[in-house]
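Data first, discussion second: the structure below is written as structure tokens.
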Amino acid sequence: MTHPDIHFELRGDHQEVAVIRLTRSAKRNALNDGLILALRDLFETMPASVRAAVIDGEGPHFCAGLDLSELKERDAGQGLHHSRMWHAALERVQYGPVPVIAALHGAVVGGGLELASACHIRVADESTFYALPEGSRGIFVGGGGAVRIPKLIGAARMTDMMLTGRVYNAQDGEKAGFAQYLVPEGQAFDKAFELAVRVAQNAPLTNYALMHALPRIAEQPADQGFFTEAMMAAIAQSAPEAKQRLADFLEGRAAKVKPSP
């Protein structure tokens, strides 16, 4: 896949990790429709060897949001369909073929935060800052942020950000729930890639269950969630790879869980 604003490459011994880098650094990797559609197409045509992906931004910023210089005047109907196009594209990131790790640094703002929230794991370095300036610009989030971001930080924090323009730094952002990992400046990609290599070693069906079943189970009433969990557990453990992995553990060929260093 080629696109002027995306660099795509496969890494790993078996080309199991896809690296997707936004390359509009002169625009702080601001998102436009072409870039969003390219991300959608990329996840719909991911090579079969890929087991995990990393999304990164070229230059000092991950993504500074929507490219307002390309914002078109739309009536209500056109605006509705435009937002739904973004929803469909970012849904392919969240509910696509492989887990996605975001390597965050610099600005993670507006649409950039919406993109990051569609990923499954977020690694931030100490230069990262988070903001939702839509409130001060007379617009509203339209790329899925109203659904995904409150699940990370809560509706009250998101409301505060949009009402007041509050900006979270990297340390406060990690505490609030924007990112699961915080690393020194310049190390977000290396840590994200390390995690992607680890994730790629999992059984594909287990990864699929974590991406597609877990978020749905979390939103179901308890009785339905328990039933869905039971079905997913039965399907996952029936896979030949799962049987082999369990046998390896029981027969002493697999590493046991140890405390973190």
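Labels used: A, B, ... for chains in the order of the structure tokens, numbers from 1 for residues in each chain, and numbers from 1 for ligands as shown.
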Original post:
Quick one: DSSP strand (DSSP E or B) residues in segment 29-249 of chain A, as a ChimeraX atom specification?
Top reply: /A:31,52-57,63,66,100-104,107-109,121-125,129-131,168-169,181-183
Distance table requested - segment 106-217 of chain A against segment 89-98 of chain A, cut-off 7 Å, only C-alpha atoms: one row per qualifying residue with the closest atom pair and its distance in Å to one decimal, ordered by chain and rising residue number, as a Markdown table.
```
| residue | atom | partner | partner_atom | distance |
| --- | --- | --- | --- | --- |
| A:Leu115 | CA | A:Leu90 | CA | 6.8 |
| A:Ala118 | CA | A:Gln94 | CA | 5.0 |
| A:Cys119 | CA | A:Gln94 | CA | 5.7 |
| A:His120 | CA | A:Gln94 | CA | 6.9 |
| A:Met211 | CA | A:Tyr95 | CA | 6.4 |
| A:His212 | CA | A:Tyr95 | CA | 6.0 |
```
Those selected residues, please, written with all heavy atoms and delivered as an mmCIF file, in the first residue's frame.
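This is the output file again_35.cif:
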```
data_model
loop_
_atom_site.group_PDB
_atom_site.id
_atom_site.type_symbol
_atom_site.label_atom_id
_atom_site.label_comp_id
_atom_site.auth_asym_id
_atom_site.auth_seq_id
_atom_site.Cartn_x
_atom_site.Cartn_y
_atom_site.Cartn_z
ATOM 1 N N LEU A 115 -7.983 8.971 17.097
ATOM 2 C CA LEU A 115 -7.240 7.867 16.492
ATOM 3 C C LEU A 115 -6.564 7.020 17.563
ATOM 4 O O LEU A 115 -6.648 5.783 17.544
ATOM 5 C CB LEU A 115 -6.200 8.413 15.506
ATOM 6 C CG LEU A 115 -5.200 7.405 14.928
ATOM 7 C CD1 LEU A 115 -5.899 6.277 14.184
ATOM 8 C CD2 LEU A 115 -4.188 8.107 14.024
ATOM 9 N N ALA A 118 -8.799 4.639 19.397
ATOM 10 C CA ALA A 118 -9.244 3.469 18.637
ATOM 11 C C ALA A 118 -8.224 2.338 18.685
ATOM 12 O O ALA A 118 -8.536 1.204 18.305
ATOM 13 C CB ALA A 118 -9.526 3.845 17.184
ATOM 14 N N CYS A 119 -7.007 2.627 19.150
ATOM 15 C CA CYS A 119 -5.982 1.599 19.271
ATOM 16 C C CYS A 119 -6.197 0.807 20.565
ATOM 17 O O CYS A 119 -6.938 1.222 21.449
ATOM 18 C CB CYS A 119 -4.593 2.236 19.253
ATOM 19 S SG CYS A 119 -4.231 3.144 17.721
ATOM 20 N N HIS A 120 -5.521 -0.312 20.691
ATOM 21 C CA HIS A 120 -5.755 -1.211 21.814
ATOM 22 C C HIS A 120 -4.808 -0.977 22.983
ATOM 23 O O HIS A 120 -5.157 -1.214 24.134
ATOM 24 C CB HIS A 120 -5.661 -2.666 21.331
ATOM 25 C CG HIS A 120 -6.604 -2.947 20.204
ATOM 26 N ND1 HIS A 120 -6.211 -2.896 18.879
ATOM 27 C CD2 HIS A 120 -7.927 -3.211 20.197
ATOM 28 C CE1 HIS A 120 -7.262 -3.147 18.117
ATOM 29 N NE2 HIS A 120 -8.303 -3.336 18.889
ATOM 30 N N MET A 211 -9.805 -8.309 21.096
ATOM 31 C CA MET A 211 -10.160 -7.125 20.315
ATOM 32 C C MET A 211 -11.655 -7.010 20.074
ATOM 33 O O MET A 211 -12.230 -5.928 20.166
ATOM 34 C CB MET A 211 -9.462 -7.172 18.953
ATOM 35 C CG MET A 211 -7.956 -7.104 18.984
ATOM 36 S SD MET A 211 -7.299 -7.597 17.380
ATOM 37 C CE MET A 211 -8.180 -6.478 16.280
ATOM 38 N N HIS A 212 -12.299 -8.125 19.752
ATOM 39 C CA HIS A 212 -13.679 -8.090 19.281
ATOM 40 C C HIS A 212 -14.698 -8.496 20.342
ATOM 41 O O HIS A 212 -15.792 -7.936 20.386
ATOM 42 C CB HIS A 212 -13.822 -8.998 18.049
ATOM 43 C CG HIS A 212 -13.112 -8.479 16.843
ATOM 44 N ND1 HIS A 212 -13.747 -7.789 15.833
ATOM 45 C CD2 HIS A 212 -11.801 -8.531 16.480
ATOM 46 C CE1 HIS A 212 -12.867 -7.446 14.902
ATOM 47 N NE2 HIS A 212 -11.682 -7.882 15.276
#
```
Tell me which protein, DNA and RNA residues are within 8 Å of segment 38-51 of chain A, counting only C-alpha atoms, leaving out same-chain ones fewer than 2 positions away, and put them as a PDB file with N, CA, C and O atoms, in the first residue's frame.
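Okay, this is what ended up in result.pdb:
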```
ATOM      1  N   MET A   1       0.826  -1.182   0.000  1.00  0.00           N
ATOM      2  CA  MET A   1       0.000   0.000   0.000  1.00  0.00           C
ATOM      3  C   MET A   1       0.870   1.245   0.000  1.00  0.00           C
ATOM      4  O   MET A   1       1.847   1.334   0.729  1.00  0.00           O
ATOM      5  N   HIS A   3       0.792   5.614   0.027  1.00  0.00           N
ATOM      6  CA  HIS A   3       0.037   6.844   0.212  1.00  0.00           C
ATOM      7  C   HIS A   3       1.049   7.913   0.591  1.00  0.00           C
ATOM      8  O   HIS A   3       1.965   7.656   1.377  1.00  0.00           O
ATOM      9  N   LEU A  10       6.776  -3.712   6.943  1.00  0.00           N
ATOM     10  CA  LEU A  10       6.646  -4.917   7.752  1.00  0.00           C
ATOM     11  C   LEU A  10       7.981  -5.200   8.427  1.00  0.00           C
ATOM     12  O   LEU A  10       9.033  -5.127   7.795  1.00  0.00           O
ATOM     13  N   HIS A  14       9.320 -12.730  10.877  1.00  0.00           N
ATOM     14  CA  HIS A  14       8.339 -13.304   9.946  1.00  0.00           C
ATOM     15  C   HIS A  14       7.399 -12.230   9.388  1.00  0.00           C
ATOM     16  O   HIS A  14       6.289 -12.534   8.980  1.00  0.00           O
ATOM     17  N   GLN A  15       7.895 -10.979   9.394  1.00  0.00           N
ATOM     18  CA  GLN A  15       7.083  -9.841   8.933  1.00  0.00           C
ATOM     19  C   GLN A  15       5.738  -9.813   9.653  1.00  0.00           C
ATOM     20  O   GLN A  15       4.697  -9.541   9.067  1.00  0.00           O
ATOM     21  N   GLU A  16       5.804 -10.041  10.958  1.00  0.00           N
ATOM     22  CA  GLU A  16       4.579 -10.167  11.741  1.00  0.00           C
ATOM     23  C   GLU A  16       4.104  -8.847  12.348  1.00  0.00           C
ATOM     24  O   GLU A  16       2.988  -8.770  12.877  1.00  0.00           O
ATOM     25  N   VAL A  17       4.921  -7.796  12.277  1.00  0.00           N
ATOM     26  CA  VAL A  17       4.532  -6.500  12.825  1.00  0.00           C
ATOM     27  C   VAL A  17       4.466  -5.467  11.705  1.00  0.00           C
ATOM     28  O   VAL A  17       5.441  -5.265  10.973  1.00  0.00           O
ATOM     29  N   ALA A  18       3.322  -4.832  11.566  1.00  0.00           N
ATOM     30  CA  ALA A  18       3.160  -3.749  10.601  1.00  0.00           C
ATOM     31  C   ALA A  18       3.439  -2.424  11.300  1.00  0.00           C
ATOM     32  O   ALA A  18       2.884  -2.154  12.372  1.00  0.00           O
ATOM     33  N   GLY A  34      -8.359  12.082   3.128  1.00  0.00           N
ATOM     34  CA  GLY A  34      -7.551  11.134   2.366  1.00  0.00           C
ATOM     35  C   GLY A  34      -6.731  10.234   3.267  1.00  0.00           C
ATOM     36  O   GLY A  34      -6.608   9.027   3.020  1.00  0.00           O
ATOM     37  N   LEU A  35      -6.181  10.810   4.325  1.00  0.00           N
ATOM     38  CA  LEU A  35      -5.367  10.025   5.261  1.00  0.00           C
ATOM     39  C   LEU A  35      -6.231   9.044   6.041  1.00  0.00           C
ATOM     40  O   LEU A  35      -5.855   7.878   6.242  1.00  0.00           O
ATOM     41  N   ILE A  36      -7.404   9.485   6.463  1.00  0.00           N
ATOM     42  CA  ILE A  36      -8.312   8.595   7.191  1.00  0.00           C
ATOM     43  C   ILE A  36      -8.758   7.429   6.306  1.00  0.00           C
ATOM     44  O   ILE A  36      -8.791   6.263   6.737  1.00  0.00           O
ATOM     45  N   ALA A  53       0.202  -4.443  14.984  1.00  0.00           N
ATOM     46  CA  ALA A  53       0.577  -3.225  14.262  1.00  0.00           C
ATOM     47  C   ALA A  53       0.940  -2.126  15.246  1.00  0.00           C
ATOM     48  O   ALA A  53       0.457  -2.090  16.385  1.00  0.00           O
ATOM     49  N   ALA A  88     -16.465   4.685  10.342  1.00  0.00           N
ATOM     50  CA  ALA A  88     -16.202   3.425   9.644  1.00  0.00           C
ATOM     51  C   ALA A  88     -14.707   3.171   9.519  1.00  0.00           C
ATOM     52  O   ALA A  88     -14.235   2.033   9.660  1.00  0.00           O
ATOM     53  N   ALA A  89     -13.941   4.233   9.264  1.00  0.00           N
ATOM     54  CA  ALA A  89     -12.499   4.072   9.095  1.00  0.00           C
ATOM     55  C   ALA A  89     -11.824   3.686  10.408  1.00  0.00           C
ATOM     56  O   ALA A  89     -11.025   2.739  10.465  1.00  0.00           O
ATOM     57  N   LEU A  90     -12.149   4.397  11.496  1.00  0.00           N
ATOM     58  CA  LEU A  90     -11.502   4.092  12.773  1.00  0.00           C
ATOM     59  C   LEU A  90     -12.018   2.803  13.382  1.00  0.00           C
ATOM     60  O   LEU A  90     -11.329   2.182  14.199  1.00  0.00           O
ATOM     61  N   ARG A  92     -12.216   0.179  11.680  1.00  0.00           N
ATOM     62  CA  ARG A  92     -11.321  -0.814  11.098  1.00  0.00           C
ATOM     63  C   ARG A  92     -10.006  -0.899  11.883  1.00  0.00           C
ATOM     64  O   ARG A  92      -9.321  -1.918  11.842  1.00  0.00           O
ATOM     65  N   VAL A  93      -9.650   0.178  12.589  1.00  0.00           N
ATOM     66  CA  VAL A  93      -8.491   0.124  13.479  1.00  0.00           C
ATOM     67  C   VAL A  93      -8.862  -0.663  14.734  1.00  0.00           C
ATOM     68  O   VAL A  93      -8.173  -1.612  15.115  1.00  0.00           O
ATOM     69  N   GLY A  96     -10.330  -4.335  13.629  1.00  0.00           N
ATOM     70  CA  GLY A  96      -9.696  -4.865  12.435  1.00  0.00           C
ATOM     71  C   GLY A  96      -9.083  -6.228  12.667  1.00  0.00           C
ATOM     72  O   GLY A  96      -9.456  -6.945  13.590  1.00  0.00           O
ATOM     73  N   PRO A  97      -8.097  -6.596  11.859  1.00  0.00           N
ATOM     74  CA  PRO A  97      -7.560  -7.954  11.926  1.00  0.00           C
ATOM     75  C   PRO A  97      -6.550  -8.204  13.028  1.00  0.00           C
ATOM     76  O   PRO A  97      -6.344  -9.344  13.426  1.00  0.00           O
ATOM     77  N   VAL A  98      -5.892  -7.127  13.536  1.00  0.00           N
ATOM     78  CA  VAL A  98      -4.800  -7.338  14.493  1.00  0.00           C
ATOM     79  C   VAL A  98      -4.829  -6.269  15.581  1.00  0.00           C
ATOM     80  O   VAL A  98      -5.329  -5.158  15.373  1.00  0.00           O
ATOM     81  N   PRO A  99      -4.264  -6.576  16.764  1.00  0.00           N
ATOM     82  CA  PRO A  99      -4.122  -5.550  17.801  1.00  0.00           C
ATOM     83  C   PRO A  99      -3.203  -4.422  17.336  1.00  0.00           C
ATOM     84  O   PRO A  99      -2.234  -4.645  16.611  1.00  0.00           O
ATOM     85  N   VAL A 199       2.907  -9.183  21.511  1.00  0.00           N
ATOM     86  CA  VAL A 199       1.501  -9.456  21.182  1.00  0.00           C
ATOM     87  C   VAL A 199       1.397 -10.402  19.990  1.00  0.00           C
ATOM     88  O   VAL A 199       0.526 -11.281  19.955  1.00  0.00           O
ATOM     89  N   ALA A 200       2.289 -10.240  19.027  1.00  0.00           N
ATOM     90  CA  ALA A 200       2.257 -11.071  17.815  1.00  0.00           C
ATOM     91  C   ALA A 200       2.521 -12.543  18.113  1.00  0.00           C
ATOM     92  O   ALA A 200       2.205 -13.407  17.288  1.00  0.00           O
ATOM     93  N   GLN A 201       3.080 -12.843  19.284  1.00  0.00           N
ATOM     94  CA  GLN A 201       3.361 -14.231  19.645  1.00  0.00           C
ATOM     95  C   GLN A 201       2.139 -14.949  20.212  1.00  0.00           C
ATOM     96  O   GLN A 201       2.144 -16.160  20.368  1.00  0.00           O
ATOM     97  N   PRO A 204      -3.548 -16.264  17.559  1.00  0.00           N
ATOM     98  CA  PRO A 204      -4.367 -15.277  16.847  1.00  0.00           C
ATOM     99  C   PRO A 204      -5.818 -15.243  17.306  1.00  0.00           C
ATOM    100  O   PRO A 204      -6.419 -14.167  17.380  1.00  0.00           O
TER     101      PRO A 204
END
```
Using only C-alpha atoms, which residues sit within 10 Å of Ala209 of chain A once same-chain residues fewer than 2 positions away are excluded, as an mmCIF file with N, CA, C and O atoms, in the first residue's frame?
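Once written, around-v8.cif looks like this:
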```
data_model
loop_
_atom_site.group_PDB
_atom_site.id
_atom_site.type_symbol
_atom_site.label_atom_id
_atom_site.label_comp_id
_atom_site.auth_asym_id
_atom_site.auth_seq_id
_atom_site.Cartn_x
_atom_site.Cartn_y
_atom_site.Cartn_z
ATOM 1 N N PRO A 204 -3.548 -16.264 17.559
ATOM 2 C CA PRO A 204 -4.367 -15.277 16.847
ATOM 3 C C PRO A 204 -5.818 -15.243 17.306
ATOM 4 O O PRO A 204 -6.419 -14.167 17.380
ATOM 5 N N LEU A 205 -6.389 -16.392 17.632
ATOM 6 C CA LEU A 205 -7.789 -16.407 18.036
ATOM 7 C C LEU A 205 -7.981 -15.737 19.396
ATOM 8 O O LEU A 205 -9.001 -15.078 19.637
ATOM 9 N N THR A 206 -6.995 -15.868 20.281
ATOM 10 C CA THR A 206 -7.069 -15.168 21.561
ATOM 11 C C THR A 206 -6.986 -13.663 21.352
ATOM 12 O O THR A 206 -7.746 -12.892 21.954
ATOM 13 N N ASN A 207 -6.075 -13.214 20.497
ATOM 14 C CA ASN A 207 -5.995 -11.785 20.193
ATOM 15 C C ASN A 207 -7.307 -11.281 19.603
ATOM 16 O O ASN A 207 -7.782 -10.193 19.935
ATOM 17 N N MET A 211 -9.805 -8.309 21.096
ATOM 18 C CA MET A 211 -10.160 -7.125 20.315
ATOM 19 C C MET A 211 -11.655 -7.010 20.074
ATOM 20 O O MET A 211 -12.230 -5.928 20.166
ATOM 21 N N HIS A 212 -12.299 -8.125 19.752
ATOM 22 C CA HIS A 212 -13.679 -8.090 19.281
ATOM 23 C C HIS A 212 -14.698 -8.496 20.342
ATOM 24 O O HIS A 212 -15.792 -7.936 20.386
ATOM 25 N N ALA A 213 -14.366 -9.476 21.171
ATOM 26 C CA ALA A 213 -15.336 -9.956 22.149
ATOM 27 C C ALA A 213 -15.282 -9.157 23.455
ATOM 28 O O ALA A 213 -16.329 -8.769 23.989
ATOM 29 N N LEU A 214 -14.091 -8.911 23.988
ATOM 30 C CA LEU A 214 -13.977 -8.280 25.305
ATOM 31 C C LEU A 214 -14.692 -6.928 25.385
ATOM 32 O O LEU A 214 -15.457 -6.691 26.336
ATOM 33 N N PRO A 215 -14.479 -5.999 24.439
ATOM 34 C CA PRO A 215 -15.179 -4.714 24.580
ATOM 35 C C PRO A 215 -16.686 -4.838 24.499
ATOM 36 O O PRO A 215 -17.414 -4.069 25.141
ATOM 37 N N GLU A 229 -18.967 -14.645 27.198
ATOM 38 C CA GLU A 229 -17.637 -15.063 27.650
ATOM 39 C C GLU A 229 -17.474 -16.574 27.540
ATOM 40 O O GLU A 229 -16.440 -17.076 27.065
ATOM 41 N N MET A 232 -17.011 -17.591 23.930
ATOM 42 C CA MET A 232 -15.705 -17.205 23.402
ATOM 43 C C MET A 232 -14.609 -18.067 24.004
ATOM 44 O O MET A 232 -13.666 -18.472 23.311
ATOM 45 N N ALA A 233 -14.704 -18.378 25.294
ATOM 46 C CA ALA A 233 -13.702 -19.236 25.929
ATOM 47 C C ALA A 233 -13.698 -20.627 25.308
ATOM 48 O O ALA A 233 -12.632 -21.211 25.065
ATOM 49 N N ILE A 235 -14.636 -21.446 22.255
ATOM 50 C CA ILE A 235 -14.096 -21.369 20.891
ATOM 51 C C ILE A 235 -12.576 -21.250 20.933
ATOM 52 O O ILE A 235 -11.857 -21.939 20.194
ATOM 53 N N ALA A 236 -12.071 -20.363 21.795
ATOM 54 C CA ALA A 236 -10.625 -20.140 21.849
ATOM 55 C C ALA A 236 -9.867 -21.394 22.259
ATOM 56 O O ALA A 236 -8.839 -21.742 21.667
#
```
Original post:
Contacts of Leu152 of chain A at 8 Å or less, counting only C-alpha atoms, minus same-chain residues fewer than 4 places along, as a list in words?
Top reply: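 Non-adjacent residues within range: Ser117, Arg148, Ala176, Gly177 and Phe178 of chain A.
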Original post:
Per DSSP on the backbone, what are the alpha helix (DSSP H) residues of segment 6-255 of chain A, as an MDAnalysis selection string?
Top reply: chainID A and resid 33:44 76:94 111:118 145:153 155:164 170:176 188:200 204:208 214:219 222:238 240:250
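From atom CA of Asp75 of chain A back to atom CA of Ile139 of chain A, the distance works out to 13.4 Å.
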Original post:
What's the 8 Å shell around Arg122 of chain A, counting only C-alpha atoms, without same-chain residues fewer than 2 positions away, as an NGL selection string?
Top reply: :A and (101-104 or 116 or 119-120 or 124 or 178-181 or 192)
**OP:** Enter the distance from atom CA of Ala196 of chain A to atom CA of Ala52 of chain A, in Å, rounded to one decimal.
**Re:** 5.5 Å
**OP:** Go through A:Lys27, A:Arg74, A:Arg21, A:Arg11 and flag the residue nearest Asp56 of chain A, using only C-alpha atoms for the distances.
**Re:**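 Checking each of A:Lys27, A:Arg74, A:Arg21, A:Arg11 against Asp56 of chain A, counting only C-alpha atoms, the winner is A:Arg21.
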**OP:** Please indicate the distance in Å from atom CA of Phe62 of chain A to atom CA of Phe193 of chain A, rounded to one decimal place.
**Re:** 15.2 Å
Subject >> Shell around Ile149 of chain A at 12 Å using only C-alpha atoms, local window under 4 positions removed, as a PyMOL selection string >> reply: chain A and resi 109-119+130-132+141-145+153-159+161-162+176-179
Original post:
Smallest atom-to-atom distance to Lys72 of chain A: which of A:Thr228, A:Asp33, A:Gln237, A:Ile121, using only C-alpha atoms?
Top reply: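 Using only C-alpha atoms, Lys72 of chain A sits closest to A:Asp33.
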